[in-house]
Amino acid sequence: MPTGPGEILKWDSRFFKKTIGRLNSREIDQAAFRAICSWARQNAMDCLYFLSRKKQLPFAPQQSEFFFYYLGRRVLLEKNPGAGTASHRSPGPFTIRPVQPSDIDSLEKISRQAFRETRFFKDPHLPEKKCQQLYGTWIKKSCRGMAERVLVAWGPQLPVGFITCHLLGPGEGQIGLLAVSETHRGRGIGGALLSESFDYFKNNGVKRLKVVTQADNQSGLNLYLKMGFKKKNLAYWYHIWREI
């Protein structure tokens, strides 16, 4: 059970070499903020992730060493993977298949460059190279068991894209990462990866498939909508940094 307004994220803290936490609530007022500051000081926190229901904070933080950095809108989308969607299969010379160990280095290179619209790259406190490493590590861990399935778009000589698939529980699944190399975008590869993932999720009993993306990722958002996803929720990312 939580003993404070948030939780310390051990993996993020080790990775960024900062003490990082996440707030449990999606709404905070002045009184709650005072309690958060006290808890953060007691735990020597450097940064808190805060996913807010509202873009505009209901108060103006004052006389505090904690500063709010707004990092963009998060969009949650959902669909039934078994519902009718136009098929996008293996465009051109590309094929979709499960990941192989020999793919991982190429997928890491794609991942390090593919997610620049995300909140981590937008945070001025986080070095760009560290953010690239974050997504490179994410896809490597996904290929080694963190995701139930990783599908790869294979070109004539090397991987050019991937999608990670997660089974959350009875009837529920989630897409973690979807990326196509910069030189191969606009060829229908993202749609083909999604189509193949729908088959995987459907065959595993998933009725409710979720994916989250940044609203600034307009091309990705348009692809999800084209493939039958519906917007379900809009929230706002803040990183609260302690600056002393």
# chains A, B, ... in the order shown; residues from 1 in each chain; ligands from 1

call {"tool": "residues_around", "arguments": {"residues": "Pro101 of chain A", "least_positions_apart": "2", "cutoff": "10 Å", "atoms": "only C-alpha atoms", "output": "number ranges by chain"}}
result
A: 99, 103-105, 140, 143-144

call {"tool": "write_last_selection", "arguments": {"atoms": "C-alpha atoms", "output": "CSV table (one decimal), in the first residue's frame"}}
result
chain,number,residue,atom,x,y,z
A,99,VAL,CA,12.0,-11.0,-33.6
A,103,ASP,CA,17.7,-8.3,-35.0
A,104,ILE,CA,18.3,-6.6,-31.7
A,105,ASP,CA,21.2,-4.4,-32.5
A,140,LYS,CA,16.3,-4.6,-25.9
A,143,CYS,CA,13.0,-8.5,-27.1
A,144,ARG,CA,14.4,-10.4,-24.1

call {"tool": "select_by_dssp", "arguments": {"residues": "segment 35-225 of chain A", "states": "helix (DSSP H, G or I)", "output": "PyMOL selection string"}}
result
chain A and resi 35-42+101-114+119-122+128-146+182-184+189-203+218-225

call {"tool": "closest_residue", "arguments": {"among": "A:Arg185, A:Gln113, A:Lys202, A:Glu65", "to": "Lys130 of chain A", "atoms": "only C-alpha atoms"}}
result
A:Gln113

call {"tool": "closest_residue", "arguments": {"among": "A:Glu128, A:Glu7, A:Glu148, A:Glu27", "to": "Gln56 of chain A", "atoms": "only C-alpha atoms"}}
result
A:Glu27

call {"tool": "closest_residue", "arguments": {"among": "A:Arg187, A:Arg149, A:Lys109, A:His239", "to": "Phe121 of chain A", "atoms": "only C-alpha atoms"}}
result
A:His239

call {"tool": "closest_residue", "arguments": {"among": "A:Lys141, A:Lys207, A:Gly191, A:Arg116", "to": "Gly176 of chain A", "atoms": "only C-alpha atoms"}}
result
A:Lys141

call {"tool": "closest_residue", "arguments": {"among": "A:Gly72, A:Phe16, A:Asn203, A:Leu51", "to": "Lys129 of chain A", "atoms": "only C-alpha atoms"}}
result
A:Phe16

call {"tool": "select_by_dssp", "arguments": {"residues": "segment 89-186 of chain A", "states": "strand (DSSP E)", "output": "PyMOL selection string"}}
result
chain A and resi 95-98+149-154+159-169+172-180

call {"tool": "closest_residue", "arguments": {"among": "A:Thr183, A:Ser219, A:Ser13, A:Gln30", "to": "Phe59 of chain A", "atoms": "only C-alpha atoms"}}
result
A:Gln30

call {"tool": "residues_around", "arguments": {"residues": "Ser38 of chain A", "least_positions_apart": "2", "cutoff": "12 Å", "atoms": "only C-alpha atoms", "output": "list in words"}}
result
Gly4, Pro5, Gly6, Ala31, Ala32, Phe33, Arg34, Ala35, Ile36, Ala40, Arg41, Gln42, Asn43, Ala44, Met45, Ser64, Glu65, Phe66 and Arg242 of chain A

call {"tool": "closest_atom_pairs", "arguments": {"of": "segment 136-158 of chain A", "to": "segment 178-182 of chain A", "cutoff": "12 Å", "atoms": "only C-alpha atoms", "output": "JSON lines"}}
result
{"residue": "A:Gly136", "atom": "CA", "partner": "A:Ala179", "partner_atom": "CA", "distance": 11.8}
{"residue": "A:Trp138", "atom": "CA", "partner": "A:Leu178", "partner_atom": "CA", "distance": 11.7}
{"residue": "A:Ile139", "atom": "CA", "partner": "A:Leu178", "partner_atom": "CA", "distance": 9.9}
{"residue": "A:Ser142", "atom": "CA", "partner": "A:Leu178", "partner_atom": "CA", "distance": 11.8}
{"residue": "A:Val150", "atom": "CA", "partner": "A:Leu178", "partner_atom": "CA", "distance": 9.8}
{"residue": "A:Leu151", "atom": "CA", "partner": "A:Leu178", "partner_atom": "CA", "distance": 9.6}
{"residue": "A:Val152", "atom": "CA", "partner": "A:Val180", "partner_atom": "CA", "distance": 9.7}
{"residue": "A:Ala153", "atom": "CA", "partner": "A:Val180", "partner_atom": "CA", "distance": 8.3}
{"residue": "A:Trp154", "atom": "CA", "partner": "A:Val180", "partner_atom": "CA", "distance": 10.7}
{"residue": "A:Gly155", "atom": "CA", "partner": "A:Ser181", "partner_atom": "CA", "distance": 10.9}
{"residue": "A:Leu158", "atom": "CA", "partner": "A:Ser181", "partner_atom": "CA", "distance": 10.9}

call {"tool": "residues_around", "arguments": {"residues": "Tyr135 of chain A", "least_positions_apart": "2", "cutoff": "6 Å", "atoms": "only C-alpha atoms", "output": "list in words"}}
result
Ser111, Arg112, Gln132, Gln133, Thr137 and Trp138 of chain A

call {"tool": "residues_around", "arguments": {"residues": "Asp12 of chain A", "least_positions_apart": "6", "cutoff": "12 Å", "atoms": "only C-alpha atoms", "output": "NGL selection string"}}
result
:A and (18-22 or 46-49 or 120 or 126 or 130-131 or 134 or 137-138)

call {"tool": "residues_around", "arguments": {"residues": "Leu168 of chain A", "least_positions_apart": "3", "cutoff": "12 Å", "atoms": "only C-alpha atoms", "output": "PyMOL selection string"}}
result
chain A and resi 146-148+165+171-176+201+204-210

call {"tool": "atom_distance", "arguments": {"atom1": "atom CA of Thr164 of chain A", "atom2": "atom CA of Ile96 of chain A"}}
result
12.6 Å

call {"tool": "closest_atom_pairs", "arguments": {"of": "segment 33-60 of chain A", "to": "segment 224-235 of chain A", "cutoff": "12 Å", "atoms": "only C-alpha atoms", "output": "JSON lines"}}
result
{"residue": "A:Phe50", "atom": "CA", "partner": "A:Ala235", "partner_atom": "CA", "distance": 10.0}
{"residue": "A:Leu51", "atom": "CA", "partner": "A:Ala235", "partner_atom": "CA", "distance": 6.4}
{"residue": "A:Ser52", "atom": "CA", "partner": "A:Ala235", "partner_atom": "CA", "distance": 5.7}
{"residue": "A:Arg53", "atom": "CA", "partner": "A:Ala235", "partner_atom": "CA", "distance": 5.0}
{"residue": "A:Lys54", "atom": "CA", "partner": "A:Ala235", "partner_atom": "CA", "distance": 6.6}
{"residue": "A:Lys55", "atom": "CA", "partner": "A:Ala235", "partner_atom": "CA", "distance": 7.6}
{"residue": "A:Gln56", "atom": "CA", "partner": "A:Ala235", "partner_atom": "CA", "distance": 11.1}

call {"tool": "decode", "arguments": {"residues": "segment 182-208 of chain A", "atoms": "N, CA and C atoms", "output": "PDB file, in the first residue's frame"}}
result
ATOM      1  N   GLU A 182      13.664   5.971 -40.111  1.00  0.00           N
ATOM      2  CA  GLU A 182      13.365   7.226 -40.815  1.00  0.00           C
ATOM      3  C   GLU A 182      13.387   7.057 -42.326  1.00  0.00           C
ATOM      4  N   THR A 183      14.290   6.239 -42.840  1.00  0.00           N
ATOM      5  CA  THR A 183      14.438   6.088 -44.291  1.00  0.00           C
ATOM      6  C   THR A 183      13.375   5.198 -44.918  1.00  0.00           C
ATOM      7  N   HIS A 184      12.527   4.570 -44.086  1.00  0.00           N
ATOM      8  CA  HIS A 184      11.513   3.665 -44.628  1.00  0.00           C
ATOM      9  C   HIS A 184      10.094   4.075 -44.254  1.00  0.00           C
ATOM     10  N   ARG A 185       9.907   5.293 -43.786  1.00  0.00           N
ATOM     11  CA  ARG A 185       8.569   5.736 -43.425  1.00  0.00           C
ATOM     12  C   ARG A 185       7.767   6.117 -44.671  1.00  0.00           C
ATOM     13  N   GLY A 186       6.439   6.079 -44.534  1.00  0.00           N
ATOM     14  CA  GLY A 186       5.578   6.422 -45.654  1.00  0.00           C
ATOM     15  C   GLY A 186       5.362   5.301 -46.643  1.00  0.00           C
ATOM     16  N   ARG A 187       5.732   4.072 -46.279  1.00  0.00           N
ATOM     17  CA  ARG A 187       5.586   2.935 -47.194  1.00  0.00           C
ATOM     18  C   ARG A 187       4.569   1.911 -46.695  1.00  0.00           C
ATOM     19  N   GLY A 188       3.810   2.239 -45.667  1.00  0.00           N
ATOM     20  CA  GLY A 188       2.804   1.311 -45.155  1.00  0.00           C
ATOM     21  C   GLY A 188       3.332   0.291 -44.167  1.00  0.00           C
ATOM     22  N   ILE A 189       4.560   0.445 -43.712  1.00  0.00           N
ATOM     23  CA  ILE A 189       5.160  -0.552 -42.816  1.00  0.00           C
ATOM     24  C   ILE A 189       4.511  -0.494 -41.436  1.00  0.00           C
ATOM     25  N   GLY A 190       4.243   0.719 -40.924  1.00  0.00           N
ATOM     26  CA  GLY A 190       3.577   0.835 -39.637  1.00  0.00           C
ATOM     27  C   GLY A 190       2.219   0.163 -39.631  1.00  0.00           C
ATOM     28  N   GLY A 191       1.439   0.366 -40.697  1.00  0.00           N
ATOM     29  CA  GLY A 191       0.135  -0.279 -40.802  1.00  0.00           C
ATOM     30  C   GLY A 191       0.242  -1.791 -40.867  1.00  0.00           C
ATOM     31  N   ALA A 192       1.260  -2.293 -41.576  1.00  0.00           N
ATOM     32  CA  ALA A 192       1.458  -3.736 -41.670  1.00  0.00           C
ATOM     33  C   ALA A 192       1.824  -4.326 -40.310  1.00  0.00           C
ATOM     34  N   LEU A 193       2.659  -3.626 -39.551  1.00  0.00           N
ATOM     35  CA  LEU A 193       3.012  -4.100 -38.207  1.00  0.00           C
ATOM     36  C   LEU A 193       1.780  -4.138 -37.310  1.00  0.00           C
ATOM     37  N   LEU A 194       0.945  -3.100 -37.385  1.00  0.00           N
ATOM     38  CA  LEU A 194      -0.272  -3.079 -36.587  1.00  0.00           C
ATOM     39  C   LEU A 194      -1.210  -4.217 -36.980  1.00  0.00           C
ATOM     40  N   SER A 195      -1.375  -4.453 -38.278  1.00  0.00           N
ATOM     41  CA  SER A 195      -2.253  -5.531 -38.733  1.00  0.00           C
ATOM     42  C   SER A 195      -1.812  -6.880 -38.179  1.00  0.00           C
ATOM     43  N   GLU A 196      -0.517  -7.144 -38.234  1.00  0.00           N
ATOM     44  CA  GLU A 196      -0.003  -8.414 -37.709  1.00  0.00           C
ATOM     45  C   GLU A 196      -0.190  -8.488 -36.198  1.00  0.00           C
ATOM     46  N   SER A 197      -0.021  -7.356 -35.512  1.00  0.00           N
ATOM     47  CA  SER A 197      -0.219  -7.379 -34.060  1.00  0.00           C
ATOM     48  C   SER A 197      -1.680  -7.654 -33.727  1.00  0.00           C
ATOM     49  N   PHE A 198      -2.617  -7.144 -34.530  1.00  0.00           N
ATOM     50  CA  PHE A 198      -4.033  -7.414 -34.276  1.00  0.00           C
ATOM     51  C   PHE A 198      -4.303  -8.923 -34.310  1.00  0.00           C
ATOM     52  N   ASP A 199      -3.700  -9.628 -35.260  1.00  0.00           N
ATOM     53  CA  ASP A 199      -3.874 -11.077 -35.323  1.00  0.00           C
ATOM     54  C   ASP A 199      -3.349 -11.742 -34.058  1.00  0.00           C
ATOM     55  N   TYR A 200      -2.179 -11.286 -33.603  1.00  0.00           N
ATOM     56  CA  TYR A 200      -1.602 -11.859 -32.388  1.00  0.00           C
ATOM     57  C   TYR A 200      -2.523 -11.628 -31.194  1.00  0.00           C
ATOM     58  N   PHE A 201      -2.978 -10.400 -31.014  1.00  0.00           N
ATOM     59  CA  PHE A 201      -3.836 -10.100 -29.873  1.00  0.00           C
ATOM     60  C   PHE A 201      -5.164 -10.857 -29.965  1.00  0.00           C
ATOM     61  N   LYS A 202      -5.750 -10.882 -31.152  1.00  0.00           N
ATOM     62  CA  LYS A 202      -7.036 -11.582 -31.334  1.00  0.00           C
ATOM     63  C   LYS A 202      -6.887 -13.065 -30.998  1.00  0.00           C
ATOM     64  N   ASN A 203      -5.797 -13.676 -31.442  1.00  0.00           N
ATOM     65  CA  ASN A 203      -5.572 -15.096 -31.189  1.00  0.00           C
ATOM     66  C   ASN A 203      -5.305 -15.395 -29.721  1.00  0.00           C
ATOM     67  N   ASN A 204      -4.973 -14.346 -28.953  1.00  0.00           N
ATOM     68  CA  ASN A 204      -4.756 -14.512 -27.517  1.00  0.00           C
ATOM     69  C   ASN A 204      -5.925 -13.981 -26.683  1.00  0.00           C
ATOM     70  N   GLY A 205      -7.066 -13.840 -27.326  1.00  0.00           N
ATOM     71  CA  GLY A 205      -8.283 -13.510 -26.608  1.00  0.00           C
ATOM     72  C   GLY A 205      -8.453 -12.063 -26.216  1.00  0.00           C
ATOM     73  N   VAL A 206      -7.666 -11.166 -26.800  1.00  0.00           N
ATOM     74  CA  VAL A 206      -7.749  -9.753 -26.444  1.00  0.00           C
ATOM     75  C   VAL A 206      -8.956  -9.111 -27.129  1.00  0.00           C
ATOM     76  N   LYS A 207      -9.787  -8.474 -26.341  1.00  0.00           N
ATOM     77  CA  LYS A 207     -10.943  -7.731 -26.851  1.00  0.00           C
ATOM     78  C   LYS A 207     -10.746  -6.225 -26.724  1.00  0.00           C
ATOM     79  N   ARG A 208      -9.858  -5.830 -25.841  1.00  0.00           N
ATOM     80  CA  ARG A 208      -9.622  -4.410 -25.580  1.00  0.00           C
ATOM     81  C   ARG A 208      -8.121  -4.151 -25.684  1.00  0.00           C
TER      82      ARG A 208
END
